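Novice: Okay, so here is work_9.txt, and as you'll see once you scroll down, it has compact mmCIF, C-alpha atoms.
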# COMPACT_ATOMS: atom_id res chain seq x y z
CA MET A 1 -1.38 0.97 -29.74
CA ASP A 2 -2.87 -1.90 -31.71
CA GLY A 3 -4.87 -4.48 -29.74
CA ARG A 4 -3.81 -7.19 -32.20
CA ARG A 5 -0.23 -6.96 -30.96
CA GLY A 6 -0.96 -7.63 -27.29
CA ARG A 7 -2.80 -6.46 -24.23
CA ILE A 8 -4.15 -2.97 -23.61
CA ILE A 9 -4.31 -1.99 -19.95
CA LEU A 10 -5.70 1.15 -18.34
CA HIS A 11 -4.80 2.32 -14.85
CA MET A 12 -7.25 4.82 -13.37
CA ASP A 13 -6.14 6.88 -10.38
CA MET A 14 -8.70 9.14 -8.69
CA ASN A 15 -7.00 12.47 -8.02
CA ALA A 16 -6.88 13.61 -4.36
CA PHE A 17 -9.79 11.22 -3.92
CA TYR A 18 -11.00 11.94 -0.38
CA CYS A 19 -10.84 15.73 -0.82
CA SER A 20 -12.38 15.48 -4.30
CA VAL A 21 -15.31 13.45 -2.92
CA HIS A 22 -16.04 16.10 -0.30
CA ALA A 23 -15.84 18.81 -2.99
CA ALA A 24 -18.30 16.81 -5.14
CA GLU A 25 -20.70 16.38 -2.21
CA GLU A 26 -20.53 19.96 -0.91
CA PRO A 27 -19.02 22.17 -3.64
CA ASN A 28 -20.11 25.37 -1.90
CA LEU A 29 -17.91 24.46 1.08
CA TYR A 30 -14.91 22.77 -0.50
CA LYS A 31 -14.64 23.11 -4.29
CA GLY A 32 -11.54 24.99 -5.41
CA LYS A 33 -10.33 25.48 -1.83
CA ALA A 34 -7.31 24.32 0.14
CA THR A 35 -8.64 21.30 2.05
CA ALA A 36 -7.16 18.33 3.87
CA VAL A 37 -8.67 15.17 5.26
CA ALA A 38 -7.14 14.38 8.64
CA GLY A 39 -7.88 12.25 11.69
CA SER A 40 -8.50 13.78 15.13
CA VAL A 41 -9.43 17.14 13.63
CA GLU A 42 -10.90 18.34 16.93
CA LEU A 43 -7.64 17.69 18.75
CA ARG A 44 -5.52 19.38 16.07
CA LYS A 45 -3.04 16.54 16.56
CA GLY A 46 -3.94 14.33 13.61
CA ILE A 47 -2.01 13.43 10.49
CA VAL A 48 -2.91 14.72 7.02
CA VAL A 49 -4.25 11.73 5.08
CA THR A 50 -4.60 13.61 1.80
CA SER A 51 -4.92 17.18 0.61
CA SER A 52 -6.51 18.98 -2.33
CA TYR A 53 -4.33 20.26 -5.17
CA GLU A 54 -4.92 23.81 -3.95
CA ALA A 55 -3.47 22.81 -0.56
CA ARG A 56 -0.58 20.95 -2.20
CA ALA A 57 0.30 24.13 -4.08
CA ARG A 58 0.78 25.76 -0.67
CA GLY A 59 3.10 22.96 0.49
CA VAL A 60 0.66 20.72 2.39
CA ARG A 61 1.72 17.06 2.10
CA THR A 62 0.40 13.67 3.18
CA GLY A 63 1.93 12.58 6.52
CA MET A 64 2.29 16.10 7.91
CA THR A 65 0.78 16.78 11.29
CA VAL A 66 -2.27 19.04 11.21
CA ARG A 67 -0.30 21.69 13.13
CA GLN A 68 2.47 21.70 10.50
CA ALA A 69 -0.06 21.94 7.67
CA GLN A 70 -1.89 24.85 9.31
CA ARG A 71 1.35 26.71 9.88
CA ILE A 72 2.24 26.73 6.17
CA CYS A 73 -1.38 27.12 5.00
CA PRO A 74 -3.44 29.08 7.57
CA GLU A 75 -6.58 29.02 5.39
CA LEU A 76 -6.52 25.20 5.21
CA ILE A 77 -9.98 23.66 5.73
CA LEU A 78 -9.81 20.45 7.75
CA ILE A 79 -12.30 17.66 7.07
CA ARG A 80 -12.94 14.55 9.16
CA PRO A 81 -12.70 11.34 7.11
CA ASP A 82 -15.94 9.71 5.97
CA PHE A 83 -15.04 6.25 4.68
CA ASP A 84 -18.65 5.27 4.17
CA LEU A 85 -18.91 8.13 1.66
CA TYR A 86 -15.59 7.21 -0.01
CA ARG A 87 -16.73 3.59 -0.39
CA ARG A 88 -19.93 4.73 -2.11
CA TYR A 89 -17.99 6.79 -4.64
CA SER A 90 -15.48 3.97 -5.08
CA ARG A 91 -18.27 1.56 -6.00
CA ALA A 92 -19.65 4.17 -8.39
CA PHE A 93 -16.43 4.71 -10.40
CA LEU A 94 -15.85 0.95 -10.49
CA ARG A 95 -19.34 0.48 -11.97
CA ILE A 96 -18.41 2.90 -14.73
CA SER A 97 -15.19 0.93 -15.34
CA ASN A 98 -17.10 -2.36 -15.42
CA SER A 99 -19.39 -1.06 -18.17
CA TYR A 100 -16.38 -1.16 -20.56
CA THR A 101 -14.79 -4.46 -19.49
CA PRO A 102 -15.43 -7.23 -16.94
CA LEU A 103 -11.68 -7.33 -16.28
CA VAL A 104 -11.44 -4.65 -13.58
CA GLU A 105 -9.05 -5.01 -10.64
CA ALA A 106 -9.55 -2.64 -7.71
CA VAL A 107 -6.18 -2.28 -6.00
CA SER A 108 -7.32 0.32 -3.47
CA ILE A 109 -10.34 2.44 -2.68
CA ASP A 110 -9.25 5.04 -5.28
CA GLU A 111 -7.52 3.18 -8.12
CA CYS A 112 -8.07 0.26 -10.46
CA TYR A 113 -6.66 -1.56 -13.49
CA MET A 114 -8.77 -2.40 -16.55
CA ASP A 115 -7.89 -4.85 -19.29
CA ILE A 116 -9.63 -3.43 -22.38
CA THR A 117 -7.93 -5.71 -24.91
CA GLY A 118 -11.34 -7.12 -25.92
CA SER A 119 -13.28 -3.85 -25.67
CA GLY A 120 -12.76 -2.63 -29.24
CA GLN A 121 -16.51 -2.17 -29.73
CA PHE A 122 -16.26 0.93 -27.53
CA GLY A 123 -13.59 2.58 -29.69
CA THR A 124 -9.82 2.93 -29.66
CA PRO A 125 -7.93 2.66 -26.34
CA LEU A 126 -7.64 6.46 -26.19
CA GLU A 127 -11.36 6.91 -26.93
CA ILE A 128 -12.26 4.44 -24.17
CA ALA A 129 -10.00 6.23 -21.68
CA GLU A 130 -11.52 9.58 -22.66
CA ALA A 131 -15.07 8.20 -22.31
CA ILE A 132 -14.37 6.79 -18.84
CA GLN A 133 -12.72 10.01 -17.68
CA ARG A 134 -15.61 12.09 -19.05
CA ARG A 135 -18.25 9.92 -17.35
CA VAL A 136 -16.43 10.02 -14.00
CA ARG A 137 -16.29 13.81 -14.28
CA GLU A 138 -19.90 14.28 -15.43
CA GLU A 139 -21.61 11.62 -13.30
CA LEU A 140 -19.54 11.85 -10.11
CA ASN A 141 -17.92 15.31 -10.38
CA LEU A 142 -14.53 13.71 -9.73
CA PRO A 143 -11.17 14.21 -11.47
CA CYS A 144 -9.06 11.19 -12.46
CA SER A 145 -5.87 10.41 -14.34
CA ILE A 146 -5.65 7.40 -16.66
CA GLY A 147 -2.57 5.59 -17.95
CA VAL A 148 -2.81 3.61 -21.21
CA ALA A 149 -0.16 0.93 -21.76
CA PRO A 150 0.49 -2.68 -22.81
CA ASN A 151 0.82 -3.88 -19.19
CA LYS A 152 -0.04 -2.99 -15.59
CA LEU A 153 3.40 -1.65 -14.68
CA LEU A 154 3.54 0.89 -17.49
CA ALA A 155 -0.14 1.81 -17.10
CA LYS A 156 0.51 2.67 -13.44
CA MET A 157 3.66 4.63 -14.34
CA ALA A 158 1.73 6.51 -17.05
CA SER A 159 -1.15 7.54 -14.77
CA ASP A 160 1.36 8.92 -12.25
CA MET A 161 3.14 11.06 -14.85
CA ARG A 162 0.51 13.76 -15.24
CA LYS A 163 -2.08 14.81 -12.67
CA PRO A 164 -4.83 15.84 -12.28
CA ASN A 165 -7.28 15.08 -15.11
CA ALA A 166 -4.78 13.68 -17.60
CA ILE A 167 -4.59 10.73 -19.97
CA THR A 168 -1.07 9.45 -20.71
CA VAL A 169 -0.03 6.76 -23.17
CA LEU A 170 3.20 4.84 -22.45
CA ARG A 171 4.39 2.17 -24.91
CA ARG A 172 7.29 -0.19 -24.33
CA ARG A 173 9.24 1.46 -27.12
CA ASP A 174 8.91 4.78 -25.22
CA VAL A 175 10.53 3.42 -22.06
CA PRO A 176 14.21 4.26 -22.87
CA ALA A 177 13.41 7.86 -23.82
CA VAL A 178 10.83 8.51 -21.08
CA LEU A 179 12.06 6.49 -18.07
CA TRP A 180 15.71 5.55 -18.34
CA ASP A 181 17.08 8.87 -17.09
CA LYS A 182 14.86 8.75 -13.97
CA PRO A 183 16.07 7.52 -10.53
CA CYS A 184 15.44 3.83 -9.79
CA GLN A 185 12.95 4.70 -7.05
CA THR A 186 10.70 6.22 -9.73
CA LEU A 187 10.03 2.71 -11.03
CA PHE A 188 6.82 1.40 -9.47
CA GLY A 189 7.70 -1.48 -7.13
CA ILE A 190 11.12 -0.16 -6.06
CA GLY A 191 11.21 1.44 -2.62
CA LYS A 192 13.69 3.70 -0.90
CA LYS A 193 15.71 0.92 0.75
CA THR A 194 16.06 -1.06 -2.49
CA ALA A 195 17.09 2.13 -4.33
CA GLU A 196 19.80 2.70 -1.69
CA LYS A 197 21.09 -0.86 -2.18
CA LEU A 198 21.15 -0.32 -5.94
CA THR A 199 23.13 2.90 -5.46
CA ARG A 200 25.78 0.90 -3.58
CA ILE A 201 26.40 -1.15 -6.75
CA ASN A 202 26.45 2.05 -8.88
CA VAL A 203 22.95 1.60 -10.31
CA MET A 204 21.30 5.01 -9.94
CA THR A 205 18.91 5.30 -12.89
CA ILE A 206 16.29 3.06 -14.49
CA GLY A 207 18.48 2.95 -17.62
CA GLN A 208 21.46 1.71 -15.61
CA LEU A 209 19.17 -0.89 -14.03
CA ALA A 210 17.97 -2.03 -17.46
CA ASN A 211 21.57 -2.51 -18.58
CA ALA A 212 22.95 -3.90 -15.31
CA ASP A 213 24.51 -7.35 -15.20
CA ALA A 214 21.70 -9.89 -14.67
CA LYS A 215 23.86 -12.18 -12.52
CA LEU A 216 24.91 -9.31 -10.26
CA LEU A 217 21.27 -8.34 -9.70
CA GLN A 218 20.30 -11.95 -9.05
CA ASP A 219 23.15 -12.43 -6.58
CA LYS A 220 22.22 -9.25 -4.68
CA PHE A 221 18.41 -9.45 -4.82
CA GLY A 222 17.42 -12.98 -5.90
CA VAL A 223 14.28 -13.28 -8.06
CA TYR A 224 13.46 -9.65 -7.21
CA GLY A 225 16.61 -8.66 -9.10
CA GLU A 226 15.34 -10.47 -12.21
CA TRP A 227 11.98 -8.70 -11.88
CA MET A 228 13.64 -5.27 -11.54
CA LYS A 229 15.69 -5.72 -14.71
CA ARG A 230 12.63 -6.79 -16.69
CA ALA A 231 10.58 -3.93 -15.24
CA ALA A 232 13.29 -1.44 -16.23
CA HIS A 233 12.72 -2.62 -19.82
CA GLY A 234 8.94 -2.10 -19.38
CA ILE A 235 8.16 -5.83 -19.25
CA ASP A 236 5.32 -7.04 -17.00
CA GLU A 237 3.11 -10.09 -17.57
CA ALA A 238 0.93 -9.75 -14.45
CA PRO A 239 -2.75 -10.24 -15.34
CA VAL A 240 -5.60 -7.94 -14.37
CA GLU A 241 -7.43 -9.91 -11.69
CA PRO A 242 -11.10 -9.00 -11.12
CA GLN A 243 -12.24 -8.75 -7.50
CA ARG A 244 -13.99 -12.08 -7.38
CA GLU A 245 -11.57 -14.17 -5.36
CA ALA A 246 -11.54 -14.17 -1.58
CA ALA A 247 -9.50 -11.56 0.25
CA LYS A 248 -5.84 -12.44 0.80
CA SER A 249 -5.79 -10.49 4.07
CA ILE A 250 -7.96 -8.28 6.25
CA GLY A 251 -6.30 -5.55 8.25
CA HIS A 252 -6.63 -2.19 9.90
CA THR A 253 -4.22 0.37 11.31
CA THR A 254 -4.91 3.37 13.51
CA THR A 255 -2.71 6.46 13.90
CA LEU A 256 -2.71 7.69 17.48
CA PRO A 257 -3.11 11.44 18.23
CA ALA A 258 -0.44 11.22 20.94
CA ASP A 259 2.38 8.76 21.49
CA LEU A 260 1.33 5.84 23.67
CA THR A 261 3.86 4.38 26.08
CA GLU A 262 1.84 2.26 28.54
CA GLU A 263 1.01 -1.43 28.10
CA GLU A 264 -2.63 -0.96 29.13
CA GLN A 265 -3.09 1.73 26.45
CA PHE A 266 -1.76 -0.63 23.77
CA LYS A 267 -4.04 -3.42 24.93
CA HIS A 268 -7.14 -1.24 24.50
CA VAL A 269 -6.07 -0.32 20.96
CA LEU A 270 -5.23 -3.93 20.02
CA LEU A 271 -8.57 -5.13 21.39
CA ASN A 272 -10.50 -2.68 19.22
CA LEU A 273 -8.41 -3.62 16.17
CA ALA A 274 -8.90 -7.34 16.84
CA ASP A 275 -12.63 -6.82 17.30
CA GLN A 276 -13.17 -5.06 13.98
CA THR A 277 -10.81 -7.15 11.84
CA THR A 278 -12.42 -10.39 13.06
CA ARG A 279 -15.87 -8.90 12.55
CA ARG A 280 -14.98 -8.25 8.90
CA LEU A 281 -13.49 -11.76 8.75
CA ARG A 282 -16.76 -13.35 9.92
CA LYS A 283 -18.82 -11.24 7.53
CA GLN A 284 -16.94 -12.85 4.67
CA GLY A 285 -17.27 -16.35 6.09
CA MET A 286 -13.50 -16.68 6.47
CA VAL A 287 -11.03 -17.85 9.12
CA CYS A 288 -7.38 -16.84 9.49
CA SER A 289 -4.26 -18.85 10.32
CA THR A 290 -1.78 -15.97 10.79
CA VAL A 291 -1.93 -12.73 12.78
CA SER A 292 0.38 -9.83 11.93
CA ILE A 293 0.88 -6.58 13.85
CA THR A 294 2.34 -3.29 12.64
CA ILE A 295 4.12 -0.91 15.04
CA ARG A 296 5.31 2.57 14.04
CA ASP A 297 7.19 4.99 16.27
CA PRO A 298 7.16 8.83 16.13
CA ASP A 299 10.19 8.77 13.77
CA MET A 300 8.07 6.77 11.28
CA LYS A 301 10.20 3.63 11.78
CA THR A 302 7.83 0.74 11.10
CA ILE A 303 8.12 -2.93 11.96
CA THR A 304 5.77 -5.78 11.07
CA ARG A 305 5.75 -9.06 12.97
CA ALA A 306 3.57 -12.14 12.42
CA ALA A 307 2.76 -15.40 14.17
CA ALA A 308 1.03 -18.56 12.96
CA LEU A 309 -1.96 -19.80 14.97
CA ASP A 310 -2.28 -23.31 16.33
CA SER A 311 -5.62 -23.60 14.54
CA PRO A 312 -7.55 -21.35 12.08
CA THR A 313 -9.86 -18.92 13.89
CA GLU A 314 -12.52 -16.23 13.51
CA SER A 315 -12.42 -15.32 17.20
CA THR A 316 -11.60 -11.84 18.51
CA ASP A 317 -10.14 -13.38 21.68
CA ASP A 318 -7.70 -15.57 19.75
CA VAL A 319 -6.49 -12.71 17.55
CA TYR A 320 -6.23 -10.31 20.50
CA ARG A 321 -4.19 -12.82 22.54
CA VAL A 322 -1.67 -13.40 19.72
CA ALA A 323 -1.44 -9.65 18.92
CA CYS A 324 -0.64 -8.90 22.58
CA LYS A 325 2.08 -11.58 22.63
CA LEU A 326 3.63 -10.13 19.46
CA MET A 327 3.50 -6.66 21.00
CA GLU A 328 5.18 -7.85 24.21
CA ARG A 329 8.00 -9.53 22.23
CA ASN A 330 8.68 -6.55 19.96
CA TRP A 331 8.05 -3.49 22.12
CA LYS A 332 10.17 -2.21 25.01
CA ASN A 333 8.40 -0.79 28.03
CA GLY A 334 8.11 3.01 27.76
CA GLN A 335 8.97 3.15 24.06
CA PRO A 336 6.55 5.58 22.31
CA VAL A 337 4.24 4.29 19.58
CA ARG A 338 2.42 6.46 17.01
CA LEU A 339 0.59 3.78 14.95
CA LEU A 340 -0.68 0.26 15.58
CA GLY A 341 -2.25 -2.23 13.21
CA ILE A 342 -3.51 -5.80 13.02
CA THR A 343 -3.69 -7.81 9.79
CA LEU A 344 -5.28 -11.26 9.50
CA GLN A 345 -3.52 -13.43 6.91
CA SER A 346 -3.60 -16.95 5.44
CA LEU A 347 -7.36 -16.67 4.99
CA THR A 348 -9.54 -19.63 4.00
CA GLU A 349 -13.28 -20.16 3.73
CA LYS A 350 -14.63 -21.33 7.07
CA LYS A 351 -16.95 -23.95 5.57
CA GLU A 352 -14.01 -25.57 3.76
CA THR A 353 -11.46 -25.38 6.60
CA PRO A 354 -11.04 -28.28 9.01
CA ILE A 355 -10.54 -26.85 12.50
CA GLN A 356 -8.96 -29.19 15.02
CA LEU A 357 -10.21 -28.72 18.57
CA ASP A 358 -8.26 -29.88 21.61
CA LEU A 359 -9.58 -31.47 24.78
CA PHE A 360 -10.03 -28.10 26.46
CA SER A 361 -11.70 -26.19 23.63
CA PHE A 362 -14.09 -28.65 21.99
CA GLU A 363 -16.91 -27.91 24.48
CA GLU A 364 -16.28 -24.16 24.58
CA ALA A 365 -15.95 -23.61 20.79
CA PRO A 366 -19.64 -24.04 19.83
CA ARG A 367 -20.72 -21.68 22.64
CA LYS A 368 -18.15 -19.09 21.55
CA GLU A 369 -19.27 -19.38 17.92
CA GLU A 370 -22.93 -18.93 18.86
CA LEU A 371 -22.05 -15.92 21.03
CA ASN A 372 -20.20 -14.35 18.08
CA LYS A 373 -23.26 -14.88 15.86
CA VAL A 374 -25.60 -13.26 18.39
CA MET A 375 -23.25 -10.29 18.91
CA ASP A 376 -22.79 -9.83 15.16
CA ARG A 377 -26.57 -9.85 14.61
CA LEU A 378 -27.10 -7.28 17.35
CA ARG A 379 -24.41 -5.02 15.93
CA ASP A 380 -25.75 -5.42 12.39
CA LYS A 381 -29.14 -4.26 13.64
CA TYR A 382 -28.27 -1.65 16.27
CA GLY A 383 -24.78 -0.46 15.29
CA GLU A 384 -21.19 -1.39 16.11
CA SER A 385 -21.32 0.02 19.65
CA ALA A 386 -24.43 -1.99 20.64
CA VAL A 387 -22.37 -4.74 22.31
CA LEU A 388 -18.96 -3.89 23.74
CA THR A 389 -16.64 -5.37 26.33
CA ALA A 390 -15.22 -3.11 29.02
CA GLY A 391 -11.81 -3.11 27.32
CA MET A 392 -13.27 -1.52 24.17
CA LEU A 393 -14.59 1.55 26.01
CA THR A 394 -11.71 3.95 25.36
CA ASP A 395 -11.30 7.52 24.19
CA ASP A 396 -8.38 6.79 21.84
CA PRO A 397 -8.95 6.77 18.03
CA SER A 398 -9.07 2.96 17.87
CA SER A 399 -12.63 3.16 19.19
CA LEU A 400 -13.55 5.10 16.04
CA ILE A 401 -12.95 2.09 13.80
CA ARG A 402 -16.28 0.71 15.01
CA ASN A 403 -17.84 3.67 13.19
CA LYS A 404 -18.16 2.48 9.58
CA LYS A 405 -18.66 6.07 8.46
CA LEU A 406 -15.23 7.06 9.73
CA ARG A 407 -13.15 3.92 9.49
CA GLY A 408 -11.11 2.64 6.60
CA THR A 409 -7.83 2.75 4.74
CA SER A 410 -7.11 3.40 1.09
CA LEU A 411 -5.93 -0.20 0.59
CA GLN A 412 -9.02 -1.76 2.14
CA THR A 413 -11.08 -3.29 -0.68
CA ASP A 414 -13.00 -6.06 1.07
CA PHE A 415 -16.06 -3.74 1.12
CA LEU A 416 -16.39 -4.55 -2.60
CA ARG A 417 -17.28 -8.14 -1.65
CA GLU A 418 -20.02 -6.99 0.74
CA GLN A 419 -23.55 -6.28 -0.39
CA ASP A 420 -23.91 -2.60 -1.26
CA PRO A 421 -26.43 -1.17 1.22
CA HIS A 422 -27.02 1.95 -0.85
CA GLY A 423 -28.16 0.35 -4.09
CA GLU A 424 -27.14 1.14 -7.64
CA ASN A 425 -27.16 4.93 -7.62
CA ASP A 426 -25.59 5.43 -4.23
CA TYR A 427 -23.57 8.56 -4.79
Translate this file's structure into structure tokens.
Specialist:
Amino acid sequence: MDGRRGRIILHMDMNAFYCSVHAAEEPNLYKGKATAVAGSVELRKGIVVTSSYEARARGVRTGMTVRQAQRICPELILIRPDFDLYRRYSRAFLRISNSYTPLVEAVSIDECYMDITGSGQFGTPLEIAEAIQRRVREELNLPCSIGVAPNKLLAKMASDMRKPNAITVLRRRDVPAVLWDKPCQTLFGIGKKTAEKLTRINVMTIGQLANADAKLLQDKFGVYGEWMKRAAHGIDEAPVEPQREAAKSIGHTTTLPADLTEEEQFKHVLLNLADQTTRRLRKQGMVCSTVSITIRDPDMKTITRAAALDSPTESTDDVYRVACKLMERNWKNGQPVRLLGITLQSLTEKKETPIQLDLFSFEEAPRKEELNKVMDRLRDKYGESAVLTAGMLTDDPSSLIRNKKLRGTSLQTDFLREQDPHGENDY
């Protein structure tokens, strides 16, 4: 792979990240053992978030209930999530990546892209990948897989091919031999539903997709059809985008240990979600113009619904009110819910966003803003539970998202824009 001919992209994927972090922190308890990180460990009702390779060898899979996992692997060691710890390790492996190129894009808490086209002073692409993998192993005691390719799509595909602790090179000229006999869903960016639609037009493999009629794909899928055909040929021009721009969205979901069916239960959960998402919003000096909710039932059927706000906001009350309205419109009384989430979208910087106040809110708005500032300062100093409204005092898992140590999702990366409280050598 010659840098003179085009870009050179690495995709680094931390293997079984949460379990690997716990093994690195406490090897005497967890290293080499069947472990799983799961919510609501005490209740034995949680969902497996991730599992170690030793547990996977016994059949433990992400999304299983804890009870199912323990049935097939009785020796399974359950660990409560510690997102504060994961964020520290995430910052640490990203610092290693940034020492080889400034073009590092964190796409989740445990994976990133690196554009090393201009990093020839550190060696060949393979030597750079080997050096990064070695440093992550020696400095952090973590395993990772790295894909080396001419673009982000193929780098991601390459890192997924061999795990754990592997380095895989995938060139465009390798695509027909390596990928074309695989099912369409294997191609990163194509989900189950799209694969089913492709099957209905007799496109089952990536090779068939690459050679499918362009007009047929465009008629069936629009611009997405064009993208799929190009992707099947290994073509992807998307740039590596360093984490310098403002967040595009801020969201959080919580999986419930038991199905909720009552309106009052949902309102407690939505209030806690609105509280913490807007708190993160204010920390970044942003306001949102759209609120989205996610609802998942026990059969894993998921719907997402969004509503535009009359005016951009940073207020918990505003977000909570819209989230409740969306819930009322899209949930039938008594219907069980397993997961709820709130995502704030259409974000803009508060200082650059004109906010129009009506006759009824122009006097109240400054008082509300000052109250938010006071509450945020108190919580910064004394902890997230220092100031709570009565509606936030619940025993469901949504109350745990106030605990920074426990809260988080793999896709949450806005912590990278916050000041690191642990300093340079925080792991």
Novice: Could you check which of A:Leu260, A:Thr316, A:Gln276, A:Leu29 is closest to Trp331 (chain A), using only C-alpha atoms?
Specialist: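 Answer, going by the shortest atom-to-atom distance: A:Leu260.
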Novice: Name the residues, using the chain letters and numbers of the file, that sit within 8 Å of (-3.0, 6.6, -11.2) when counting only C-alpha atoms, and give them as a compact mmCIF listing (two decimals) with C-alpha atoms, in the frame of the given file.
Specialist:
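Written output follows (part-v6.txt):
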# COMPACT_ATOMS: atom_id res chain seq x y z
CA HIS A 11 -4.80 2.32 -14.85
CA MET A 12 -7.25 4.82 -13.37
CA ASP A 13 -6.14 6.88 -10.38
CA MET A 14 -8.70 9.14 -8.69
CA ASN A 15 -7.00 12.47 -8.02
CA GLU A 111 -7.52 3.18 -8.12
CA CYS A 144 -9.06 11.19 -12.46
CA SER A 145 -5.87 10.41 -14.34
CA ILE A 146 -5.65 7.40 -16.66
CA GLY A 147 -2.57 5.59 -17.95
CA LYS A 156 0.51 2.67 -13.44
CA MET A 157 3.66 4.63 -14.34
CA ALA A 158 1.73 6.51 -17.05
CA SER A 159 -1.15 7.54 -14.77
CA ASP A 160 1.36 8.92 -12.25
Novice: For Thr278 (chain A), which residue among A:Pro298, A:Gly207, A:Gly334, A:Gly251 is the nearest when counting all atoms listed in the file?
Specialist: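 Comparing A:Pro298, A:Gly207, A:Gly334, A:Gly251 against Thr278 (chain A), the winner is A:Gly251.
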Novice: Give me the residues near Val240 (chain A) as a list in words, where near means some atom within 8 Å (using all atoms listed in the file) and where sequence neighbours in that chain fewer than 5 positions away do not count.
Specialist: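 So the residues in contact are Leu103, Val104, Glu105, Tyr113, Met114, Asp115 and Lys152 of chain A.
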Novice: At what distance in Å, to one decimal, does CA of Arg56 (chain A) lie from CA of Tyr30 (chain A)?
Specialist: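 Between these atoms lies a distance of 14.5 Å.
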Novice: Rounded to one decimal, what separation in Å do you get between CA of Lys31 (chain A) and CA of Thr168 (chain A)?
Specialist: 25.3 Å
Novice: Taking into account all atoms listed in the file, which residue in the set A:Glu241, A:Asp310, A:Lys351, A:Leu142 is nearest to Val107 (chain A)?
Specialist: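 Comparing A:Glu241, A:Asp310, A:Lys351, A:Leu142 against Val107 (chain A), the winner is A:Glu241.
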Novice: Between A:Thr50, A:Thr261, A:Thr313, A:Thr290, which residue has the minimum interatomic distance to Asn333 (chain A), considering all atoms listed in the file?
Specialist: A:Thr261
Novice: Name all residues at most 10 Å from Asp297 (chain A) (count all atoms listed in the file; drop same-chain ones fewer than 2 positions away) and give them as a list in words.
Specialist: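 The neighbour list is Asp259, Leu260, Ile295, Asp299, Met300, Lys301, Thr302, Ile303, Gln335, Pro336, Val337, Arg338, Leu339 and Leu340 of chain A.
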Novice: Give me, please, the distance in Å between CA of Val48 (chain A) and CA of Phe17 (chain A), quoted to one decimal.
Specialist: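 Between CA of Val48 (chain A) and CA of Phe17 (chain A) the gap works out to 13.4 Å.
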Novice: Can I get region 77-89 of chain A with N, CA and C atoms filled in, as a PDB file, in the frame of the given file?
Specialist:
ATOM      1  N   ILE A  77      -8.724  24.166   5.171  1.00  0.00           N
ATOM      2  CA  ILE A  77      -9.980  23.660   5.730  1.00  0.00           C
ATOM      3  C   ILE A  77      -9.794  22.181   6.059  1.00  0.00           C
ATOM      4  N   LEU A  78      -9.984  21.834   7.319  1.00  0.00           N
ATOM      5  CA  LEU A  78      -9.810  20.450   7.750  1.00  0.00           C
ATOM      6  C   LEU A  78     -11.142  19.703   7.714  1.00  0.00           C
ATOM      7  N   ILE A  79     -11.085  18.469   7.208  1.00  0.00           N
ATOM      8  CA  ILE A  79     -12.300  17.660   7.070  1.00  0.00           C
ATOM      9  C   ILE A  79     -12.068  16.319   7.746  1.00  0.00           C
ATOM     10  N   ARG A  80     -13.040  15.887   8.556  1.00  0.00           N
ATOM     11  CA  ARG A  80     -12.940  14.550   9.160  1.00  0.00           C
ATOM     12  C   ARG A  80     -13.199  13.498   8.086  1.00  0.00           C
ATOM     13  N   PRO A  81     -12.488  12.383   8.134  1.00  0.00           N
ATOM     14  CA  PRO A  81     -12.700  11.340   7.110  1.00  0.00           C
ATOM     15  C   PRO A  81     -14.094  10.735   7.205  1.00  0.00           C
ATOM     16  N   ASP A  82     -14.633  10.361   6.050  1.00  0.00           N
ATOM     17  CA  ASP A  82     -15.940   9.710   5.970  1.00  0.00           C
ATOM     18  C   ASP A  82     -15.807   8.524   5.017  1.00  0.00           C
ATOM     19  N   PHE A  83     -15.338   7.395   5.543  1.00  0.00           N
ATOM     20  CA  PHE A  83     -15.040   6.250   4.680  1.00  0.00           C
ATOM     21  C   PHE A  83     -16.285   5.614   4.089  1.00  0.00           C
ATOM     22  N   ASP A  84     -17.408   5.766   4.749  1.00  0.00           N
ATOM     23  CA  ASP A  84     -18.650   5.270   4.170  1.00  0.00           C
ATOM     24  C   ASP A  84     -18.931   6.009   2.860  1.00  0.00           C
ATOM     25  N   LEU A  85     -18.724   7.321   2.867  1.00  0.00           N
ATOM     26  CA  LEU A  85     -18.910   8.130   1.660  1.00  0.00           C
ATOM     27  C   LEU A  85     -17.890   7.748   0.583  1.00  0.00           C
ATOM     28  N   TYR A  86     -16.627   7.569   0.967  1.00  0.00           N
ATOM     29  CA  TYR A  86     -15.590   7.210  -0.010  1.00  0.00           C
ATOM     30  C   TYR A  86     -15.903   5.856  -0.655  1.00  0.00           C
ATOM     31  N   ARG A  87     -16.396   4.903   0.162  1.00  0.00           N
ATOM     32  CA  ARG A  87     -16.730   3.590  -0.390  1.00  0.00           C
ATOM     33  C   ARG A  87     -17.855   3.686  -1.408  1.00  0.00           C
ATOM     34  N   ARG A  88     -18.817   4.550  -1.156  1.00  0.00           N
ATOM     35  CA  ARG A  88     -19.930   4.730  -2.110  1.00  0.00           C
ATOM     36  C   ARG A  88     -19.411   5.257  -3.443  1.00  0.00           C
ATOM     37  N   TYR A  89     -18.543   6.251  -3.397  1.00  0.00           N
ATOM     38  CA  TYR A  89     -17.990   6.790  -4.640  1.00  0.00           C
ATOM     39  C   TYR A  89     -17.063   5.779  -5.313  1.00  0.00           C
TER      40      TYR A  89
END
